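Student: Got a structure for you, written out below as structure tokens; questions coming shortly.
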Amino acid sequence: MSELVVQGLRKSFGNNVVVNDISFSVQEGEFFVLLGPSGGGKSTTLRLICGLEQPDSGKIVLGNQDITNLTPRQRNLGMVFQDYGLYPNMTVFGNIAYGLETRHVAKNEVDKRVRSAAEMLGLTSHLPRSINDLSGGEQQRVALARCLAKDAELFLFDEPLSNLDPKLRFQARRDILNVHRTKKKPSLYVTHDQSEAFAVGDRIAVIAKGRLQQVGTPDELINFPSNVFMARFIGTPPMNTLTGQLVRGNGAFAVAINGLTIPLPAKWNAILQNYQQNEIILGLPPTAIVQQEFFTTVDHQVYQIPAEVLDIESQIGESILTLKLGNDLTAQAQFSDGEEAHPNVGDRIKVGVNLEALKLFDPISENAIKVE
Ligand SMILES: Nc1ncnc2c1ncn2[C@@H]1O[C@H](COP(=O)(O)OP(=O)(O)OP(=O)(O)O)[C@@H](O)[C@H]1O
């Protein structure tokens, strides 16, 4: 088994703690993504795992071996970085073979593995060519083929697609996943691009300000953000987070925000009985705002509000609307094309809020309040 376990990893540069007590594990055969805003500590975490940096404290275990103090070469990893790390003076064959030759793999075995990796990635006819003659997409495939040819215990990818245009990215993502599925090892993939993370990740760890914010499947991150940061980070547009007052009455609860009183479904009653504060943060997902004409298609409890359309951004298959709800509450809604009417900027429309989809957060800890 080659499970990767990262325990309490910490790294600072001067007074700047850039990786702060990070722990997670990646199972054999799992494609695990590190996602987060720029400067959050993703690449440093990856560099600690591959041995290019040494942690101040913490432990990295691969299989049954503690690899924390091993050199990068001793760790037996397959790596693809943003700049691919290819040797410009070598042929494609030479680049794919490089990692094997330095490990003293027998020549006929090198030849076999290079050709097999090249074939899988459609590079066979390029093997004698110089790296300099290849396009960015082809170079990316050579870096991947080099990875594929190795018998690595762990695969690491640091923003490997950022130099490719969107069309090539799609194919390159499929290539990376094919390599991963062929190898059946743990893979760790760093990106700041949410759509990429959601497209490839079995599970995603979100890192920001050096800290692990949440680990979960794409579905868990979207539907159950662990804190206010996650609610504001995940999704385009992300969840609306609105600070209001908790209103208690007749055993039921509501949140009052800027003149609106939004009732909370009964599932919240038990947990809110013990809530001591007056202020609370309401999480309103953009998809929980529905146009009136479509209320009947929604089975859930709906709260109706008049709204004014302040802005519309049309995207493929959907529109993002900035709405003024009631008199004074600005929120973003996501309407999918085809299913819903197309209002214009300035229109006054009726919308409904799907109350079942609401989330709540504690304004002091900023953690999600969870219903059992
Ligand atoms: N060798 C170094 N010396 C000093 N500071 C560093 C060093 N390497 C990284 N940092 C700092 O650590 C922080 C985290 O950087 P890191 O590259 O890990 O973030 P990231 O999440 O991968 O960001 P990006 O998506 O922009 O690559 C940044 O503030 C960066 O400036």
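Letters A, B, ... mark the chains of the structure tokens in the order given; residue numbers begin at 1 per chain; ligand numbers begin at 1, in order shown.
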Output as CSV one row per residue of chain A within 9 Å of ligand 1: the closest atom pair and its distance in Å to one decimal place, counting only C-alpha atoms and all ligand atoms, sorted by chain and residue number ascending.
Tutor:
residue,atom,partner,partner_atom_place_in_ligand_line,distance
A:Lys11,CA,ligand 1,12 (O),8.9
A:Ser12,CA,ligand 1,12 (O),7.8
A:Phe13,CA,ligand 1,4 (C),4.9
A:Gly14,CA,ligand 1,4 (C),7.4
A:Asn16,CA,ligand 1,12 (O),7.4
A:Val17,CA,ligand 1,12 (O),7.7
A:Val18,CA,ligand 1,12 (O),4.9
A:Val19,CA,ligand 1,14 (C),7.5
A:Leu34,CA,ligand 1,21 (O),8.7
A:Leu35,CA,ligand 1,21 (O),7.9
A:Gly36,CA,ligand 1,21 (O),6.1
A:Pro37,CA,ligand 1,21 (O),6.0
A:Ser38,CA,ligand 1,26 (O),3.5
A:Gly39,CA,ligand 1,19 (O),3.5
A:Gly40,CA,ligand 1,21 (O),3.7
A:Gly41,CA,ligand 1,18 (O),3.2
A:Lys42,CA,ligand 1,21 (O),3.9
A:Ser43,CA,ligand 1,22 (O),3.5
A:Thr44,CA,ligand 1,18 (O),3.7
A:Thr45,CA,ligand 1,18 (O),6.4
A:Leu46,CA,ligand 1,18 (O),7.9
A:Arg47,CA,ligand 1,18 (O),8.2
A:Glu53,CA,ligand 1,1 (N),8.4
A:Asp158,CA,ligand 1,22 (O),8.4
A:Glu159,CA,ligand 1,27 (O),8.1
A:Val190,CA,ligand 1,22 (O),7.6
A:Thr191,CA,ligand 1,25 (O),6.7
A:His192,CA,ligand 1,25 (O),5.5
A:Ile207,CA,ligand 1,21 (O),7.2
A:Ala208,CA,ligand 1,21 (O),7.1
A:Lys209,CA,ligand 1,14 (C),7.9
A:Gly210,CA,ligand 1,14 (C),7.1
Student: Leaving out stretch 231-247 of chain A and any residue of its chain fewer than 2 positions from it, which residues lie within 8 Å of it when counting only C-alpha atoms, given as a ChimeraX atom specification?
Tutor: /A:194,221-222,225-229,249,253-258,277-286,320,331-332,334,363
Student: Give me a file of those residues, with C-alpha atoms, as a PDB file, in the first residue's frame.
Tutor:
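The resulting file, result_6.pdb, is reproduced below:
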ATOM      1  CA  GLN A 194     -11.761  25.644  -8.858  1.00  0.00           C
ATOM      2  CA  LEU A 221     -17.356  21.477  -0.353  1.00  0.00           C
ATOM      3  CA  ILE A 222     -20.215  22.991  -2.348  1.00  0.00           C
ATOM      4  CA  PRO A 225     -18.814  24.654   3.548  1.00  0.00           C
ATOM      5  CA  SER A 226     -17.115  24.318   6.931  1.00  0.00           C
ATOM      6  CA  ASN A 227     -16.733  28.043   7.575  1.00  0.00           C
ATOM      7  CA  VAL A 228     -17.346  31.535   6.201  1.00  0.00           C
ATOM      8  CA  PHE A 229     -14.093  31.500   4.235  1.00  0.00           C
ATOM      9  CA  GLY A 249     -40.569  33.229  18.358  1.00  0.00           C
ATOM     10  CA  PHE A 253     -36.494  30.895  14.213  1.00  0.00           C
ATOM     11  CA  ALA A 254     -35.933  33.440  11.489  1.00  0.00           C
ATOM     12  CA  VAL A 255     -33.114  35.723  10.388  1.00  0.00           C
ATOM     13  CA  ALA A 256     -33.812  39.443  10.045  1.00  0.00           C
ATOM     14  CA  ILE A 257     -31.587  41.221   7.521  1.00  0.00           C
ATOM     15  CA  ASN A 258     -32.116  44.735   6.183  1.00  0.00           C
ATOM     16  CA  GLN A 277     -25.826  35.307  20.322  1.00  0.00           C
ATOM     17  CA  ASN A 278     -28.133  37.694  18.525  1.00  0.00           C
ATOM     18  CA  GLU A 279     -26.066  38.035  15.394  1.00  0.00           C
ATOM     19  CA  ILE A 280     -25.831  35.201  12.906  1.00  0.00           C
ATOM     20  CA  ILE A 281     -24.480  34.823   9.361  1.00  0.00           C
ATOM     21  CA  LEU A 282     -26.937  33.468   6.802  1.00  0.00           C
ATOM     22  CA  GLY A 283     -25.482  31.523   3.872  1.00  0.00           C
ATOM     23  CA  LEU A 284     -27.682  31.948   0.814  1.00  0.00           C
ATOM     24  CA  PRO A 285     -26.475  29.867  -2.153  1.00  0.00           C
ATOM     25  CA  PRO A 286     -26.968  31.618  -5.543  1.00  0.00           C
ATOM     26  CA  ILE A 320     -25.382  35.403 -12.865  1.00  0.00           C
ATOM     27  CA  ALA A 331     -27.311  39.109  -3.359  1.00  0.00           C
ATOM     28  CA  GLN A 332     -26.192  37.125  -6.364  1.00  0.00           C
ATOM     29  CA  GLN A 334     -27.595  31.892 -10.569  1.00  0.00           C
ATOM     30  CA  PRO A 363     -20.078  35.265  13.353  1.00  0.00           C
TER      31      PRO A 363
END
Student: List every residue of stretch 151-315 of chain A that DSSP, applied to the backbone of this structure, places in strand (DSSP E or B), and write the result as a PyMOL selection string.
Tutor: chain A and resi 154-158+187-191+203-208+211-216+227+240-249+252-257+260-263+279-284+289-291+302-315
Student: Could you pull the residues within 6 Å of A:Val92, counting only C-alpha atoms, minus those fewer than 2 positions along the same chain, as an NGL selection string?
Tutor: :A and (94-95 or 127 or 129 or 131)
Student: Selected residues, N, CA and C atoms, written as a tab-separated table (two decimals), in the first residue's frame, please.
Tutor:
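Contents of selection12.tsv, freshly written:
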chain	number	residue	atom	x	y	z
A	94	GLY	N	14.95	11.09	-24.88
A	94	GLY	CA	15.92	11.34	-23.80
A	94	GLY	C	15.26	11.91	-22.57
A	95	ASN	N	14.31	12.79	-22.77
A	95	ASN	CA	13.62	13.39	-21.63
A	95	ASN	C	12.76	12.35	-20.88
A	127	LEU	N	9.26	10.90	-30.71
A	127	LEU	CA	10.37	10.46	-29.86
A	127	LEU	C	11.76	10.97	-30.29
A	129	ARG	N	12.42	13.73	-31.86
A	129	ARG	CA	12.47	15.19	-32.06
A	129	ARG	C	13.07	15.90	-30.85
A	131	ILE	N	13.03	18.70	-27.96
A	131	ILE	CA	11.97	19.30	-27.12
A	131	ILE	C	11.60	20.69	-27.62
Student: Quote the spacing between atom CA of A:Gln74 and atom CA of A:Leu52 in Å to one decimal place.
Tutor: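 Computing it gives 11.9 Å between the two atoms.
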Student: Skipping near chain neighbours, those fewer than 5 positions away, what residues fall within 10 Å of A:Val114 using only C-alpha atoms, listed as a ChimeraX atom specification?
Tutor: /A:92-98,100,108-109,119,123-124,127,145-146,148-150
Student: Output the selection as a tab-separated table (two decimals), in the first residue's frame - N, CA and C atoms for each residue.
Tutor:
chain	number	residue	atom	x	y	z
A	92	VAL	N	12.86	14.01	-27.22
A	92	VAL	CA	11.70	13.57	-26.44
A	92	VAL	C	12.04	12.25	-25.75
A	93	PHE	N	12.65	11.34	-26.50
A	93	PHE	CA	13.03	10.05	-25.92
A	93	PHE	C	13.93	10.26	-24.70
A	94	GLY	N	14.95	11.09	-24.88
A	94	GLY	CA	15.92	11.34	-23.80
A	94	GLY	C	15.26	11.91	-22.57
A	95	ASN	N	14.31	12.79	-22.77
A	95	ASN	CA	13.62	13.39	-21.63
A	95	ASN	C	12.76	12.35	-20.88
A	96	ILE	N	12.07	11.51	-21.65
A	96	ILE	CA	11.21	10.52	-20.98
A	96	ILE	C	12.09	9.50	-20.25
A	97	ALA	N	13.23	9.19	-20.87
A	97	ALA	CA	14.10	8.14	-20.32
A	97	ALA	C	14.93	8.65	-19.13
A	98	TYR	N	15.06	9.96	-19.00
A	98	TYR	CA	16.04	10.53	-18.06
A	98	TYR	C	15.95	9.95	-16.64
A	100	LEU	N	14.73	7.27	-15.60
A	100	LEU	CA	15.00	5.83	-15.51
A	100	LEU	C	16.50	5.57	-15.58
A	108	ASN	N	17.25	-2.06	-22.16
A	108	ASN	CA	16.07	-2.57	-22.90
A	108	ASN	C	14.77	-2.28	-22.16
A	109	GLU	N	14.85	-2.25	-20.81
A	109	GLU	CA	13.68	-1.93	-20.00
A	109	GLU	C	13.33	-0.44	-20.17
A	119	GLU	N	3.45	5.91	-26.35
A	119	GLU	CA	2.29	5.44	-27.10
A	119	GLU	C	1.00	5.87	-26.40
A	123	LEU	N	2.77	10.16	-28.40
A	123	LEU	CA	4.03	10.84	-28.67
A	123	LEU	C	5.01	9.98	-29.48
A	124	THR	N	4.57	8.81	-29.93
A	124	THR	CA	5.51	7.88	-30.55
A	124	THR	C	6.28	8.53	-31.71
A	127	LEU	N	9.26	10.90	-30.71
A	127	LEU	CA	10.37	10.46	-29.86
A	127	LEU	C	11.76	10.97	-30.29
A	145	ALA	N	4.58	11.84	-19.79
A	145	ALA	CA	5.12	10.54	-20.20
A	145	ALA	C	6.32	10.17	-19.32
A	146	ARG	N	7.13	11.16	-18.98
A	146	ARG	CA	8.28	10.89	-18.11
A	146	ARG	C	7.81	10.35	-16.76
A	148	LEU	N	4.92	8.86	-16.28
A	148	LEU	CA	4.28	7.56	-16.50
A	148	LEU	C	5.31	6.44	-16.59
A	149	ALA	N	6.47	6.75	-17.17
A	149	ALA	CA	7.49	5.72	-17.37
A	149	ALA	C	8.10	5.25	-16.05
A	150	LYS	N	7.99	6.09	-15.03
A	150	LYS	CA	8.61	5.75	-13.74
A	150	LYS	C	7.72	4.83	-12.91
